[in-house]
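Engineer: This is the content of work.txt (compact mmCIF, C-alpha atoms):
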```txt
# COMPACT_ATOMS: atom_id res chain seq x y z
CA MET A 15 0.00 0.00 0.00
CA THR A 16 1.25 3.45 -0.89
CA VAL A 17 0.70 6.68 1.01
CA GLN A 18 1.59 10.14 -0.26
CA LEU A 19 2.83 12.43 2.52
CA LYS A 20 3.08 16.14 1.73
CA LEU A 21 4.45 18.90 3.96
CA VAL A 22 3.69 22.58 3.46
CA ASP A 23 5.19 25.59 5.22
CA ALA A 24 2.47 28.17 5.85
CA GLY A 25 3.38 29.69 9.17
CA ASP A 26 2.69 26.40 10.90
CA LEU A 27 3.72 23.12 9.30
CA TYR A 28 0.83 21.44 7.49
CA VAL A 29 1.13 17.68 7.09
CA SER A 30 -1.30 15.96 4.73
CA TRP A 31 -1.44 12.40 3.50
CA ARG A 32 -3.64 10.17 1.41
CA TRP A 33 -3.52 6.49 0.64
CA GLU A 34 -3.48 5.87 -3.09
CA HIS A 35 -6.20 3.23 -2.74
CA GLU A 36 -8.39 5.81 -0.95
CA PRO A 37 -7.85 9.00 -2.99
CA ALA A 38 -11.10 10.58 -1.76
CA GLU A 39 -10.10 10.38 1.92
CA PRO A 40 -7.17 12.76 2.50
CA ARG A 41 -6.04 13.59 6.02
CA VAL A 42 -4.42 16.84 7.18
CA VAL A 43 -2.84 17.99 10.43
CA ALA A 44 -1.58 21.47 11.29
CA VAL A 45 1.52 21.23 13.47
CA PRO A 46 2.26 24.46 15.38
CA ARG A 47 5.62 25.77 14.22
CA ASP A 48 6.91 26.13 17.78
CA LEU A 49 6.52 22.37 18.25
CA VAL A 50 8.86 21.50 15.38
CA HIS A 51 11.11 24.52 14.92
CA ALA A 52 13.67 23.67 17.60
CA THR A 53 14.07 20.05 16.47
CA LEU A 54 14.35 20.98 12.78
CA THR A 55 16.92 23.63 13.67
CA GLU A 56 18.88 21.12 15.73
CA TRP A 57 18.92 18.72 12.78
CA ALA A 58 20.04 21.46 10.36
CA GLU A 59 22.93 22.15 12.73
CA ALA A 60 23.78 18.44 12.83
CA VAL A 61 24.32 17.88 9.09
CA PRO A 62 27.37 19.20 7.21
CA SER A 63 25.51 21.58 4.89
CA PRO A 64 26.39 25.27 5.31
CA LEU A 65 24.17 27.36 7.54
CA PRO A 66 23.70 31.03 6.62
CA GLY A 67 27.07 32.74 6.80
CA GLU A 68 29.07 29.48 6.86
CA THR A 69 31.54 28.21 4.31
CA ALA A 70 31.48 24.57 3.22
CA ASP A 71 34.64 23.89 5.25
CA GLN A 72 33.16 25.49 8.36
CA ALA A 73 30.01 23.39 7.99
CA LEU A 74 32.02 20.19 7.74
CA ARG A 75 34.05 21.10 10.80
CA ARG A 76 30.90 21.93 12.79
CA ALA A 77 29.15 18.68 11.90
CA LEU A 78 32.14 16.35 12.11
CA THR A 79 33.88 17.68 15.21
CA ARG A 80 30.96 18.25 17.56
CA GLY A 81 27.75 17.15 15.85
CA PRO A 82 25.42 14.29 16.89
CA LEU A 83 25.92 12.36 13.64
CA VAL A 84 29.28 11.17 14.96
CA ASP A 85 27.88 10.40 18.42
CA HIS A 86 25.78 7.24 18.65
CA ASP A 87 23.62 8.19 21.64
CA ARG A 88 23.03 11.81 20.61
CA GLU A 89 22.07 10.85 17.06
CA ARG A 90 19.58 8.23 18.22
CA ASP A 91 17.99 10.74 20.60
CA LEU A 92 17.67 13.39 17.89
CA ALA A 93 16.33 10.91 15.29
CA THR A 94 13.71 9.80 17.85
CA ARG A 95 12.58 13.36 18.53
CA LEU A 96 12.42 14.10 14.80
CA ALA A 97 10.09 11.14 14.28
CA ARG A 98 7.83 12.23 17.11
CA ALA A 99 7.68 15.78 15.79
CA LEU A 100 6.97 14.93 12.14
CA ILE A 101 4.95 11.70 11.97
CA PRO A 102 1.32 12.38 12.96
CA HIS A 103 -0.13 9.89 15.44
CA ARG A 104 -2.98 8.93 13.11
CA LEU A 105 -0.58 8.20 10.26
CA ALA A 106 1.55 6.06 12.58
CA VAL A 107 -1.54 4.07 13.57
CA GLU A 108 -2.45 3.52 9.92
CA LEU A 109 1.07 2.43 9.01
CA ASN A 110 1.15 0.02 11.95
CA ALA A 111 -2.17 -1.47 10.86
CA PHE A 112 -0.69 -2.50 7.51
CA LEU A 113 2.47 -3.80 9.18
CA GLY A 114 0.27 -5.90 11.46
CA ARG A 115 -1.16 -7.54 8.35
CA GLY A 116 2.29 -8.29 6.98
CA ILE A 117 2.17 -5.46 4.41
CA ARG A 118 5.14 -3.13 4.04
CA PRO A 119 3.73 0.32 3.18
CA HIS A 120 5.43 2.63 0.71
CA LEU A 121 5.82 6.17 2.03
CA ARG A 122 6.23 8.75 -0.74
CA VAL A 123 7.32 12.04 0.84
CA GLN A 124 7.07 15.51 -0.67
CA PRO A 125 9.05 17.73 1.72
CA SER A 126 8.66 21.45 2.32
CA PRO A 127 11.66 23.81 2.42
CA SER A 128 11.84 23.63 6.23
CA THR A 129 11.87 19.82 6.14
CA ALA A 130 14.19 19.44 3.14
CA LEU A 131 17.04 18.04 5.25
CA VAL A 132 14.92 15.50 7.14
CA PRO A 133 16.18 11.92 6.56
CA TRP A 134 12.85 10.09 6.55
CA GLU A 135 14.57 6.72 6.16
CA ALA A 136 16.55 7.31 9.36
CA LEU A 137 13.74 8.53 11.62
CA ARG A 138 13.87 6.38 14.75
CA ILE A 139 10.36 5.06 15.31
CA ASP A 140 11.06 2.55 18.08
CA ASP A 141 13.92 1.08 20.07
CA GLY A 142 16.37 -0.21 17.46
CA LEU A 143 14.05 0.54 14.54
CA ARG A 144 14.28 3.23 11.86
CA ALA A 145 11.48 4.09 9.46
CA VAL A 146 13.32 2.27 6.66
CA HIS A 147 13.02 -0.96 8.68
CA ASP A 148 9.23 -0.87 8.39
CA ALA A 149 8.52 1.06 5.19
CA THR A 150 9.70 1.62 1.66
CA ILE A 151 10.52 5.33 1.33
CA SER A 152 10.95 7.56 -1.69
CA VAL A 153 10.54 11.20 -2.66
CA LEU A 154 7.31 12.26 -4.38
CA PRO A 155 7.91 15.02 -6.95
CA PRO A 156 5.32 17.78 -7.31
CA ALA A 157 2.53 16.91 -9.73
CA THR A 158 3.52 19.83 -11.93
CA VAL A 159 6.88 18.14 -12.46
CA GLY A 160 6.05 14.43 -12.65
CA ASN A 161 2.82 14.88 -14.64
CA ALA A 162 3.97 17.66 -16.97
CA ALA A 163 2.20 17.23 -20.32
CA ALA A 164 5.41 17.42 -22.34
CA ARG A 165 7.32 14.96 -20.17
CA ARG A 166 8.24 11.60 -21.66
CA VAL A 167 9.95 9.00 -19.50
CA SER A 168 12.93 7.46 -21.24
CA PRO A 169 12.77 3.67 -21.68
CA PHE A 170 15.03 1.65 -19.39
CA ASP A 171 17.12 -1.15 -20.85
CA PRO A 172 18.92 -3.25 -18.18
CA GLN A 173 21.59 -4.00 -20.80
CA GLY A 174 21.74 -0.43 -22.02
CA THR A 175 24.59 2.05 -21.87
CA VAL A 176 25.72 3.42 -18.51
CA VAL A 177 27.33 6.84 -18.61
CA ALA A 178 29.70 7.05 -15.63
CA VAL A 179 31.19 10.44 -14.77
CA LEU A 180 33.58 9.74 -11.90
CA ASP A 181 35.35 12.64 -10.22
CA PRO A 182 35.93 14.73 -13.37
CA VAL A 183 38.82 17.19 -13.39
CA VAL A 184 37.45 20.73 -13.04
CA PRO A 185 39.60 23.24 -14.97
CA GLY A 186 41.47 25.69 -12.80
CA PHE A 187 40.96 23.82 -9.51
CA ALA A 188 43.74 21.86 -7.87
CA ASP A 189 42.99 18.70 -5.92
CA HIS A 190 43.23 20.49 -2.57
CA SER A 191 40.72 23.18 -3.58
CA GLY A 192 36.96 23.36 -3.08
CA LEU A 193 36.31 21.76 -6.49
CA GLY A 194 39.21 19.35 -6.37
CA SER A 195 39.11 15.56 -6.33
CA VAL A 196 36.48 13.87 -4.16
CA LEU A 197 37.80 10.33 -4.62
CA GLY A 198 41.24 8.98 -3.95
CA PRO A 199 43.10 6.65 -6.35
CA ALA A 200 42.04 3.58 -4.34
CA ASP A 201 38.40 4.64 -4.49
CA LEU A 202 38.55 5.17 -8.25
CA ALA A 203 40.19 1.77 -8.66
CA ALA A 204 37.39 0.18 -6.59
CA LEU A 205 34.84 1.84 -8.86
CA GLY A 206 36.66 0.71 -12.01
CA GLY A 207 37.25 4.27 -13.22
CA THR A 208 39.90 6.91 -13.71
CA ARG A 209 39.87 10.71 -13.46
CA ARG A 210 39.36 12.37 -16.82
CA ASP A 211 39.68 15.96 -17.97
CA ASP A 212 37.61 15.68 -21.16
CA LEU A 213 34.16 15.06 -19.66
CA ASP A 214 32.51 18.34 -20.62
CA ARG A 215 28.84 19.13 -21.31
CA ASP A 216 29.02 18.49 -25.04
CA HIS A 217 30.44 15.03 -24.41
CA LEU A 218 27.85 14.34 -21.72
CA GLU A 219 24.87 15.53 -23.76
CA ARG A 220 25.85 13.28 -26.68
CA ALA A 221 26.41 10.28 -24.40
CA LEU A 222 23.06 10.69 -22.62
CA ALA A 223 21.09 10.80 -25.88
CA THR A 224 21.07 6.99 -26.08
CA ALA A 225 21.94 5.93 -22.52
CA SER A 226 19.84 4.02 -19.99
CA ARG A 227 21.64 5.27 -16.88
CA LEU A 228 23.79 8.12 -15.61
CA LEU A 229 26.10 7.81 -12.61
CA TYR A 230 27.71 11.10 -11.57
CA VAL A 231 30.22 11.32 -8.71
CA GLY A 232 31.70 14.74 -8.21
CA HIS A 233 30.79 18.25 -7.17
CA VAL A 234 27.41 19.97 -7.05
CA THR A 235 27.02 23.50 -5.75
CA THR A 236 23.90 25.54 -5.13
CA GLY A 237 23.04 28.91 -6.57
CA GLU A 238 20.60 31.65 -5.71
CA HIS A 239 17.67 29.62 -7.05
CA GLY A 240 16.94 26.03 -8.03
CA LEU A 241 17.66 26.34 -11.75
CA ASP A 242 21.11 27.69 -10.85
CA ALA A 243 22.09 24.42 -9.12
CA ARG A 244 25.37 23.37 -10.73
CA LEU A 245 27.18 20.24 -11.83
CA HIS A 246 30.91 20.65 -12.22
CA LEU A 247 32.36 18.86 -15.25
CA SER A 248 35.54 19.42 -17.26
CA CYS A 249 34.00 22.45 -18.97
CA THR A 250 36.30 25.36 -19.75
CA ALA A 251 35.23 28.98 -19.44
CA ASP A 252 34.63 29.33 -23.20
CA THR A 253 32.03 26.51 -23.20
CA GLU A 254 28.53 27.75 -24.03
CA GLY A 255 26.19 27.88 -21.04
CA ARG A 256 23.95 29.93 -18.78
CA ALA A 257 26.22 30.28 -15.74
CA ALA A 258 29.00 32.83 -15.49
CA PRO A 259 32.49 31.29 -15.59
CA ILE A 260 34.41 30.67 -12.37
CA GLY A 261 37.93 31.40 -13.46
CA ALA A 262 38.84 28.83 -16.12
CA HIS A 263 35.63 26.82 -15.62
CA ARG A 264 31.94 27.21 -16.51
CA PRO A 265 29.51 25.11 -14.40
CA LEU A 266 26.59 23.21 -15.95
CA THR A 267 23.32 24.42 -14.42
CA ALA A 268 19.92 22.80 -14.10
CA ALA A 269 18.71 25.52 -16.50
CA ASP A 270 21.26 24.32 -19.09
CA ILE A 271 19.72 20.84 -18.89
CA VAL A 272 16.10 21.99 -19.00
CA LEU A 273 16.48 24.66 -21.68
CA GLY A 274 19.64 23.60 -23.47
CA HIS A 275 23.07 25.11 -22.95
CA ARG A 276 23.57 26.57 -26.42
CA ALA A 277 22.36 29.91 -27.73
CA GLY A 278 19.25 29.80 -29.90
CA PRO A 279 16.03 27.77 -29.60
CA VAL A 280 15.18 25.86 -26.43
CA ARG A 281 16.61 22.36 -26.75
CA PRO A 282 16.16 20.33 -23.55
CA TRP A 283 18.57 17.51 -22.90
CA ARG A 284 17.39 13.94 -23.21
CA ILE A 285 17.92 12.27 -19.82
CA PRO A 286 18.07 8.48 -19.30
CA ALA A 287 15.54 6.59 -17.19
CA ARG A 288 17.84 6.27 -14.16
CA VAL A 289 20.13 8.94 -12.77
CA ALA A 290 22.37 8.84 -9.70
CA LEU A 291 23.98 12.06 -8.48
CA VAL A 292 26.39 11.21 -5.66
CA ALA A 293 27.45 14.74 -4.86
CA CYS A 294 26.95 17.38 -2.20
CA GLU A 295 23.33 18.53 -1.87
CA SER A 296 22.46 17.25 -5.36
CA GLY A 297 18.88 16.77 -4.14
CA GLY A 298 18.48 20.32 -2.88
CA ASP A 299 15.45 21.12 -5.07
CA VAL A 300 12.97 21.00 -2.20
CA ARG A 301 14.74 23.77 -0.31
CA PHE A 302 13.31 26.26 -2.79
CA ALA A 303 9.70 27.43 -2.83
CA GLU A 304 9.46 26.62 -6.55
CA PRO A 305 10.24 23.00 -7.48
CA SER A 306 13.40 23.37 -9.51
CA GLY A 307 16.93 22.05 -9.36
CA LEU A 308 19.02 19.19 -10.70
CA VAL A 309 16.58 16.44 -9.69
CA THR A 310 13.70 18.33 -11.30
CA ALA A 311 15.78 18.89 -14.42
CA MET A 312 16.51 15.17 -14.67
CA VAL A 313 12.86 14.25 -14.17
CA HIS A 314 11.78 16.85 -16.71
CA GLY A 315 14.24 15.40 -19.21
CA GLY A 316 12.91 11.85 -18.91
CA ALA A 317 14.29 10.24 -15.75
CA GLU A 318 12.00 7.96 -13.76
CA HIS A 319 14.37 7.32 -10.84
CA VAL A 320 16.80 9.95 -9.55
CA THR A 321 18.95 9.21 -6.53
CA ALA A 322 20.52 12.31 -4.97
CA THR A 323 21.71 13.58 -1.60
CA ARG A 324 20.06 15.89 0.91
CA TRP A 325 23.21 17.41 2.38
CA THR A 326 26.95 17.77 1.86
CA LEU A 327 28.79 14.46 1.71
CA PRO A 328 32.16 14.37 3.47
CA THR A 329 35.07 12.70 1.72
CA ASP A 330 36.96 9.86 3.36
CA GLU A 331 39.90 12.22 3.87
CA GLY A 332 37.63 14.72 5.61
CA LEU A 333 36.21 12.04 7.90
CA ARG A 334 39.63 10.77 8.93
CA ARG A 335 40.96 14.30 9.41
CA LEU A 336 38.07 15.75 11.40
CA VAL A 337 36.52 12.84 13.32
CA PRO A 338 38.74 11.55 16.14
CA GLY A 339 39.16 7.80 15.94
CA PHE A 340 37.31 7.42 12.64
CA PRO A 341 38.10 3.94 11.25
CA PRO A 342 40.31 3.71 8.14
CA THR A 343 37.48 1.90 6.33
CA PRO A 344 36.43 3.69 3.10
CA VAL A 345 32.93 5.17 3.16
CA LEU A 346 32.34 7.16 -0.02
CA ALA A 347 33.31 4.52 -2.60
CA PRO A 348 31.10 1.82 -0.96
CA THR A 349 28.24 4.33 -0.99
CA VAL A 350 28.72 4.91 -4.72
CA LEU A 351 28.78 1.15 -5.30
CA ALA A 352 25.57 0.71 -3.28
CA VAL A 353 23.77 3.44 -5.24
CA ASP A 354 25.03 2.01 -8.54
CA ALA A 355 23.86 -1.48 -7.53
CA ALA A 356 20.43 -0.09 -6.65
CA HIS A 357 20.14 1.44 -10.12
CA ARG A 358 21.02 -1.90 -11.68
CA ALA A 359 18.21 -3.59 -9.75
CA PRO A 360 14.64 -4.03 -11.04
CA ASP A 361 13.43 -1.45 -8.48
CA PRO A 362 15.99 1.20 -7.42
CA VAL A 363 13.83 2.48 -4.55
CA THR A 364 13.54 -0.88 -2.85
CA ALA A 365 17.19 -1.76 -3.52
CA LEU A 366 18.50 1.50 -2.05
CA ASN A 367 16.24 1.05 0.98
CA GLU A 368 17.61 -2.46 1.52
CA TRP A 369 21.15 -1.08 1.71
CA GLN A 370 20.00 1.69 4.06
CA ARG A 371 18.15 -0.85 6.23
CA ALA A 372 21.32 -2.91 6.63
CA ALA A 373 23.32 0.22 7.42
CA ALA A 374 20.73 1.37 9.98
CA THR A 375 20.89 -2.02 11.69
CA ARG A 376 24.68 -1.90 11.88
CA TRP A 377 24.58 1.62 13.34
CA GLU A 378 21.89 0.72 15.87
CA ASP A 379 23.65 -2.46 16.96
CA THR A 380 27.28 -1.34 16.99
CA GLY A 381 27.62 2.45 16.82
CA ASP A 382 30.39 1.90 14.24
CA LEU A 383 31.02 5.36 12.77
CA THR A 384 31.39 3.99 9.24
CA TRP A 385 27.65 3.23 9.42
CA SER A 386 26.55 6.59 10.79
CA PRO A 387 23.50 8.11 9.05
CA LEU A 388 25.88 10.91 8.09
CA VAL A 389 26.30 9.24 4.68
CA TRP A 390 23.65 6.59 4.08
CA ALA A 391 20.73 8.75 5.27
CA ALA A 392 21.80 11.56 2.93
CA CYS A 393 20.75 9.43 -0.07
CA THR A 394 17.19 9.35 -1.31
CA THR A 395 15.44 8.41 -4.54
CA THR A 396 12.82 10.46 -6.32
CA TRP A 397 10.43 8.18 -8.16
CA ALA A 398 8.55 9.82 -11.04
CA PRO A 399 6.79 7.28 -13.26
CA SER A 400 5.31 8.37 -16.56
CA PRO A 401 2.03 10.31 -16.25
CA ARG A 402 0.19 7.50 -18.02
CA ARG A 403 1.20 4.96 -15.36
CA ALA A 404 0.94 7.34 -12.44
CA VAL A 405 -2.66 8.41 -12.87
CA GLY A 406 -5.25 6.27 -11.16
CA THR A 407 -3.21 3.11 -10.70
CA GLY A 408 -2.35 3.46 -7.03
CA ARG A 409 0.60 1.14 -7.61
CA GLY A 410 4.06 1.75 -6.22
CA PRO A 411 7.31 0.03 -7.13
CA ASP A 412 6.52 -2.74 -4.64
CA GLY A 413 3.30 -3.52 -6.49
CA ALA A 414 1.22 -2.19 -3.58
```
What would you get if you wrote out this structure as structure tokens?
Structural biologist:
Amino acid sequence: MTVQLKLVDAGDLYVSWRWEHEPAEPRVVAVPRDLVHATLTEWAEAVPSPLPGETADQALRRALTRGPLVDHDRERDLATRLARALIPHRLAVELNAFLGRGIRPHLRVQPSPSTALVPWEALRIDDGLRAVHDATISVLPPATVGNAAARRVSPFDPQGTVVAVLDPVVPGFADHSGLGSVLGPADLAALGGTRRDDLDRDHLERALATASRLLYVGHVTTGEHGLDARLHLSCTADTEGRAAPIGAHRPLTAADIVLGHRAGPVRPWRIPARVALVACESGGDVRFAEPSGLVTAMVHGGAEHVTATRWTLPTDEGLRRLVPGFPPTPVLAPTVLAVDAAHRAPDPVTALNEWQRAAATRWEDTGDLTWSPLVWAACTTTWAPSPRRAVGTGRGPDGA
């Protein structure tokens, strides 16, 4: 069974939900802002995404040196309070009723800007249990995005081409800089790739025209609005595009993907059915009042499944440097492999949740920092089936 959960900021926080098999019976609860503000603020201060006035480095230092995501007991306490603040009692009762019948519900969440950083999969709903233990969880795109009349979902071929962009060299930025390498040589070897300096937007647009999947591992930065969200490829400053150059480099924006990056008529990019963006805040669309950003651009261009991240992902070097006693075990490369494996599976949502469920269990049972929600809970998948399949079926990827 599938339930659509939508959150709206309108002074207070309005939480509405409807079961897809009961579309005429929506529920809505108004949660006074003062009941959720402190907990949401505490969570925003826990994750390594910059707060107003912070640099990316300052945010990482704040989160990794004194934040609850590297403290087992404090994280569990905060995740418990988040669940209590955001999951209405009536919805919890309804979810438990299906669980009691042996049915795993699918929770499709459409966050509001104030809840954009909430890791729904990691909400602690009981002693030792996270929401991902009991439910399948995905992001629900706004109807104006998923059901746009001009949108056509690209066909998925399990044997089709995979375009892998792994840690591309950004012109003008040394490895120690803000847009330097995110993966070490060992990580790249584990992923079966090498760093390249020729992966620019023209190359990528041509490759995506016939691909079934895109895997991007690198840098994403945010702009002043959603369409200014930026992928950083090996594009030089003289490459055509809508963003101003940064020194020797011109970023690729969500607007470039939606409208085309060349001068002249609007020519949207063709996007494959499955897209994975393992990069800092690549799923930041929902922080803006208008639904726009890299995930929206991918969905608009034809993607059905887009896995992205809610907050800044630390590199393995950053974890070892800033977290006292952090194990030498790699974290980022295994995360990329898990996301890639999920996109190879028949259902990426369920497959990603299975990996997160195993990670949540390890964290609950052991407190091993390599399994902190710091990384695995950042990942989430937006599921946007074609309008033809989405209307009136009430069926989720689990067949519920």
Engineer: State, in Å with one decimal place, the distance from CA of Arg256 in chain A to CA of Thr129 in chain A.
Structural biologist: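 Between these atoms lies a distance of 29.5 Å.
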Engineer: Determine, counting only C-alpha atoms, which protein, DNA and RNA residues have an atom within 10 Å of an atom of Gly142 in chain A; residues of the same chain fewer than 5 positions away are not included. Present the result as JSON, numbers by chain.
Structural biologist: {"A": [90, 147, 374, 375, 377, 378, 379]}
Engineer: Excluding Asp171 in chain A and residues on its chain fewer than 2 positions from it, collect all residues at most 12 Å away from it, counting all atoms listed in the file, and give them as a short mmCIF file (atom, residue, chain, number, x, y, z; two decimals) with C-alpha atoms, in the frame of the given file.
Structural biologist:
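Dumped everything to part00.cif:
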```cif
data_model
loop_
_atom_site.label_atom_id
_atom_site.label_comp_id
_atom_site.auth_asym_id
_atom_site.auth_seq_id
_atom_site.Cartn_x
_atom_site.Cartn_y
_atom_site.Cartn_z
CA SER A 168 12.93 7.46 -21.24
CA PRO A 169 12.77 3.67 -21.68
CA GLN A 173 21.59 -4.00 -20.80
CA GLY A 174 21.74 -0.43 -22.02
CA THR A 175 24.59 2.05 -21.87
CA VAL A 176 25.72 3.42 -18.51
CA THR A 224 21.07 6.99 -26.08
CA ALA A 225 21.94 5.93 -22.52
CA SER A 226 19.84 4.02 -19.99
CA ARG A 227 21.64 5.27 -16.88
CA PRO A 286 18.07 8.48 -19.30
CA ALA A 287 15.54 6.59 -17.19
CA ARG A 288 17.84 6.27 -14.16
CA HIS A 357 20.14 1.44 -10.12
CA ARG A 358 21.02 -1.90 -11.68
CA ALA A 359 18.21 -3.59 -9.75
CA PRO A 360 14.64 -4.03 -11.04
#
```
Engineer: Mind pulling up the distance from CA of Pro387 in chain A to CA of Thr326 in chain A?
Structural biologist: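 It comes out at 12.5 Å.
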Engineer: Extract, using all atoms listed in the file, all DNA, RNA and protein residues at most 7 Å from Leu245 in chain A, discarding same-chain residues fewer than 6 positions from it, and format them as JSON, numbers by chain.
Structural biologist: {"A": [233, 234, 235, 265, 266, 267]}
Engineer: From the set A:Asp354, A:Asp91, A:Glu108, A:Asp48, which residue has the shortest atom-to-atom contact distance to Arg32 in chain A, counting all atoms listed in the file?
Structural biologist: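 Going through A:Asp354, A:Asp91, A:Glu108, A:Asp48 one by one, the smallest distance to Arg32 in chain A is for A:Glu108.
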Engineer: Residues within 8 Å of range 135-138 of chain A, please, as a PyMOL selection string. Count only C-alpha atoms; anything in the same chain fewer than 2 positions from it doesn't count.
Structural biologist: chain A and resi 90+93-94+96-97+133+140-146+151+367+370+374+387+391
Engineer: Pull the closest atom pair for each residue of range 16-98 of chain A that gets at most 12 Å from range 292-313 of chain A, along with the distance in Å to one decimal, counting all atoms listed in the file, ordering rows by chain and then ascending residue number, as CSV.
Structural biologist:
```
residue,atom,partner,partner_atom,distance
A:Lys20,CA,A:Val300,CA,11.7
A:Leu21,CA,A:Val300,CA,10.7
A:Val22,CA,A:Ala303,CA,10.0
A:Asp23,CA,A:Ala303,CA,9.4
A:Ala24,CA,A:Ala303,CA,11.3
A:Val61,CA,A:Glu295,CA,11.0
A:Pro62,CA,A:Cys294,CA,9.6
A:Ser63,CA,A:Glu295,CA,7.7
A:Pro64,CA,A:Glu295,CA,10.3
A:Ala70,CA,A:Cys294,CA,10.1
A:Leu74,CA,A:Cys294,CA,11.5
```
Engineer: Give me the residues within 9 Å of Ile271 in chain A as a list of chain:residue names, counting all atoms listed in the file and dropping any in the same chain fewer than 2 places off.
Structural biologist: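 Here the answer would be A:Glu219, A:Leu266, A:Thr267, A:Ala268, A:Ala269, A:Leu273, A:Gly274, A:His275, A:Arg281, A:Pro282, A:Trp283, A:Arg284, A:Ile285, A:Leu308, A:Ala311, A:Met312, A:Gly315.
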Engineer: With all atoms listed in the file as the atoms that count, which of A:Pro156, A:Asp252, A:Thr394, A:Pro46 lies nearest to Trp325 in chain A?
Structural biologist: A:Thr394
Engineer: What separation in Å, quoted to one decimal, exists between CA of Val17 in chain A and CA of Glu368 in chain A?
Structural biologist: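 According to the coordinates, CA of Val17 in chain A and CA of Glu368 in chain A are separated by 19.2 Å.
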Engineer: Considering only C-alpha atoms, can you say which of A:Ala58, A:Val289, A:Ala257, A:Leu109 comes closest to Arg276 in chain A?
Structural biologist: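 Counting only C-alpha atoms, the residue closest to Arg276 in chain A is A:Ala257.
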Engineer: For Ala355 in chain A, which residue out of A:Thr384, A:Trp369, A:Val184, A:Pro37 is the nearest one, using all atoms listed in the file?
Structural biologist: A:Trp369
Engineer: Please determine, counting only C-alpha atoms, which residue among A:Val389, A:Val179, A:Thr16, A:Val320 has the shortest atom-to-atom distance to Pro348 in chain A.
Structural biologist: A:Val389
Engineer: For Val84 in chain A, which of A:Pro344, A:Ala203, A:Val363, A:Leu333 is the closest residue, counting only C-alpha atoms?
Structural biologist: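 For Val84 in chain A, the nearest of the given residues is A:Leu333.
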